[in-house]
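What follows is a set of notes on a single structure, which appears directly below.
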Amino acid sequence: MESTPTGTAASSGPTGSPTPLPDARGLLDGVPRQRAAAGPGGRGPSAPRPQVPVPDRPRPRPWHLLPTPAGTPFTFFYAFVLAVTSYVAAHADPALVRVLHENSSTDVAHLLRTPVPVLVASALWVAGGVASPFALGFLVVLTALERRVGGVRTAGVFLLGHVLATLATEVPVGLAVLVGHLPDSSLHRLDYGISFGVAASVGAWAGLLGPWPGRLLLAASGGMLLRDLLALTDPLSNWGHLIALGIGVATWPWVRRPGSGPRERQGAAAAGARAARAWCD
């Protein structure tokens, strides 16, 4: 077996003298020293972990508390009508305002003669004007409700509370007059405003919140309405507010059902776009 020459002998020239090597000083000066990171168990370097982008937290948008023509058309245009009627009530002749309120009152006498027109007319006024707490509740609660479930169901909740609570308080008065327990003057009284519809909207909105926020909202709203009832300032209207709040709670299965709210419309649009792309492909 032949042996392979190694070392300087293998690199020697014909004369046997070693071949000079090139000067390698400074060739590796530009290579930085790197310390290989040990992987799991110290088995060598591990690949760098990919940086996962952190999604930005949604910023609060206070202007979403107020209605807009595009986002909440029902609440926006209804609020515009209420602003006009409130201005008329504040600046028109008091005698004229009194006649308008009387003709819009949902008392027994008007409900027997013109039930539908008077129910609509009574919902065009804000008892107490724009400074009423129900006016603020209208803007905040109905805006939040419409952004969640859409204008059709928001209008439905409002009308259910307004109509059913009115009938639930006025029909017993008519029956009591009929049997002689109340005088005939009870058939004529001032009963107008949006308070029943707002109370029903509060009850419906509580069902769209989490368990504890919804319970707290119901407890706070019910407590204030019960306090007003115990004060005996206007028992008929106070009972109507509590009934309307219960009507709003009864609409929970309806408002919780997926429908045509803004979020549902966005989801349907996205699903339609995906189906169109799949069809084209």
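Numbering starts fresh at 1 for the residues of each chain in the structure tokens, the chains themselves are lettered A, B, ... in the order given, and ligands are numbered from 1 as they appear.
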- Task: Name the residues in contact with region 130-134 of chain A at a cut-off of 8 Å, using only C-alpha atoms, excluding same-chain residues fewer than 4 positions from it; report them as an MDAnalysis selection string.
- Result: chainID A and resid 83 86 126 138 194:195 198
Keeping N, CA, C and O atoms, export the residues of the selection given above as an mmCIF file, in the first residue's frame.
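New file result.cif:
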```cif
data_model
loop_
_atom_site.group_PDB
_atom_site.id
_atom_site.type_symbol
_atom_site.label_atom_id
_atom_site.label_comp_id
_atom_site.auth_asym_id
_atom_site.auth_seq_id
_atom_site.Cartn_x
_atom_site.Cartn_y
_atom_site.Cartn_z
ATOM 1 N N ALA A 83 -86.405 67.277 17.666
ATOM 2 C CA ALA A 83 -85.791 68.591 17.887
ATOM 3 C C ALA A 83 -86.687 69.711 17.356
ATOM 4 O O ALA A 83 -86.822 70.764 17.985
ATOM 5 N N SER A 86 -89.721 70.032 19.700
ATOM 6 C CA SER A 86 -89.299 70.632 20.962
ATOM 7 C C SER A 86 -89.075 72.124 20.816
ATOM 8 O O SER A 86 -89.376 72.913 21.732
ATOM 9 N N VAL A 126 -91.577 65.422 23.116
ATOM 10 C CA VAL A 126 -90.761 65.037 24.267
ATOM 11 C C VAL A 126 -91.304 65.767 25.477
ATOM 12 O O VAL A 126 -91.209 67.003 25.550
ATOM 13 N N PHE A 138 -82.994 58.687 24.780
ATOM 14 C CA PHE A 138 -83.354 58.395 23.389
ATOM 15 C C PHE A 138 -82.118 58.396 22.510
ATOM 16 O O PHE A 138 -81.905 57.464 21.720
ATOM 17 N N ILE A 194 -92.228 60.267 24.401
ATOM 18 C CA ILE A 194 -91.470 59.112 23.918
ATOM 19 C C ILE A 194 -90.984 58.224 25.056
ATOM 20 O O ILE A 194 -90.234 57.278 24.820
ATOM 21 N N SER A 195 -91.404 58.495 26.275
ATOM 22 C CA SER A 195 -90.811 57.821 27.428
ATOM 23 C C SER A 195 -91.061 56.317 27.418
ATOM 24 O O SER A 195 -90.182 55.532 27.787
ATOM 25 N N VAL A 198 -88.653 54.734 24.938
ATOM 26 C CA VAL A 198 -87.278 54.745 25.445
ATOM 27 C C VAL A 198 -87.096 53.677 26.513
ATOM 28 O O VAL A 198 -86.076 52.967 26.543
#
```
- Non-local contacts of Ala200 (chain A) (7 Å; only C-alpha atoms; under 6 positions in same chain excluded) as number ranges by chain: A: 157-158, 161, 244-245, 247-248
Could you write those residues out with N, CA, C and O atoms, as a tab-separated table (two decimals), in the first residue's frame?
```tsv
chain	number	residue	atom	x	y	z
A	157	VAL	N	-88.94	47.73	18.41
A	157	VAL	CA	-88.90	47.74	19.87
A	157	VAL	C	-89.52	49.02	20.42
A	157	VAL	O	-90.31	48.99	21.38
A	158	PHE	N	-89.17	50.15	19.82
A	158	PHE	CA	-89.70	51.43	20.28
A	158	PHE	C	-91.22	51.47	20.15
A	158	PHE	O	-91.93	51.87	21.08
A	161	GLY	N	-93.03	49.18	22.72
A	161	GLY	CA	-93.10	49.78	24.04
A	161	GLY	C	-94.08	50.94	24.10
A	161	GLY	O	-94.85	51.06	25.06
A	244	ALA	N	-93.27	49.13	30.05
A	244	ALA	CA	-92.46	49.25	28.83
A	244	ALA	C	-91.09	48.62	29.01
A	244	ALA	O	-90.55	47.99	28.08
A	245	LEU	N	-90.50	48.78	30.19
A	245	LEU	CA	-89.21	48.15	30.45
A	245	LEU	C	-89.33	46.63	30.35
A	245	LEU	O	-88.46	45.95	29.78
A	247	ILE	N	-91.55	45.05	28.54
A	247	ILE	CA	-91.75	44.74	27.12
A	247	ILE	C	-90.41	44.66	26.40
A	247	ILE	O	-90.18	43.79	25.55
A	248	GLY	N	-89.50	45.58	26.74
A	248	GLY	CA	-88.17	45.52	26.13
A	248	GLY	C	-87.43	44.24	26.49
A	248	GLY	O	-86.75	43.65	25.64
```
- Message: With distances taken over only C-alpha atoms, which residue among A:Gly222, A:Pro253, A:Gly203, A:Gly197 lies nearest Leu124 (chain A)?
- Response: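 Distance minimum relative to Leu124 (chain A) lands on A:Gly197.
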- Message: If you run DSSP on the backbone here, which positions in region 36-259 of chain A get helix (DSSP H, G or I)? Please write them as a PyMOL selection string.
- Response: chain A and resi 40-42+62-65+73-91+94-103+108-113+115-122+129-131+133-149+151-178+184-187+195-206+211-231+235-250+252-256
- For Ala123 (chain A), work out the shell of residues within 8 Å, counting only C-alpha atoms and skipping chain neighbours fewer than 2 positions away, then give it as a PyMOL selection string. chain A and resi 119-121+125-126+162+192-194
Need to verify the contact set: Val141 (chain A), 9 Å, only C-alpha atoms, exclusion of same-chain residues closer than 4 positions in sequence. Can you return it as an mmCIF file with C-alpha atoms, in the first residue's frame?
```cif
data_model
loop_
_atom_site.group_PDB
_atom_site.id
_atom_site.type_symbol
_atom_site.label_atom_id
_atom_site.label_comp_id
_atom_site.auth_asym_id
_atom_site.auth_seq_id
_atom_site.Cartn_x
_atom_site.Cartn_y
_atom_site.Cartn_z
ATOM 1 C CA LEU A 65 -72.664 57.583 20.916
ATOM 2 C CA LEU A 136 -80.758 61.932 26.432
ATOM 3 C CA GLY A 137 -81.796 58.314 26.848
ATOM 4 C CA LEU A 145 -79.433 49.643 19.794
ATOM 5 C CA GLU A 146 -79.628 50.577 16.115
ATOM 6 C CA VAL A 198 -87.278 54.745 25.445
ATOM 7 C CA SER A 201 -85.397 50.304 24.242
ATOM 8 C CA VAL A 202 -83.456 50.282 27.519
ATOM 9 C CA TRP A 205 -80.453 46.976 25.025
#
```
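Put simply, CA of Leu242 (chain A) is 20.8 Å away from CA of Ala176 (chain A).
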- Query: A:Ala165, A:Val179, A:Ala204, A:Val118: which is nearest Glu102 (chain A), counting only C-alpha atoms?
  - Reply: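 Residue with the minimum atom-to-atom distance to Glu102 (chain A): A:Val118.
Counting from CA of Gly246 (chain A), the distance to CA of Leu218 (chain A) is 9.7 Å.
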- Between A:Ala219, A:Gly207, A:Thr72, A:Asn238, smallest distance to Val152 (chain A) by only C-alpha atoms belongs to A:Thr72
- Task: Tell me, in Å to one decimal, how far CA of Ala70 (chain A) is from CA of Trp252 (chain A).
- Result: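 Distance reported for this atom pair: 25.3 Å.
Between Ala89 (chain A) and the residues A:Gly174, A:Pro258, A:Gly71, A:Gly128, the shortest atom-to-atom distance, using only C-alpha atoms, involves A:Gly128.
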- Closest of A:Ile243, A:Met224, A:Ala135, A:Leu142 to Phe76 (chain A), counting only C-alpha atoms, is A:Leu142
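For Val173 (chain A), the residues within 10 Å (counting only C-alpha atoms, excluding itself and residues fewer than 2 positions away along the chain) are Asp107, Val108, Leu167, Ala168, Thr169, Glu170, Val171, Leu175, Ala176, Val177, Leu178, His181, Leu182, Pro183, Asp184, Ser186, Leu187 and Leu236 of chain A.
Proximity of A:Tyr78, A:Leu66, A:Pro235, A:Pro94 to Ala155 (chain A), computed with only C-alpha atoms, is greatest for A:Tyr78.
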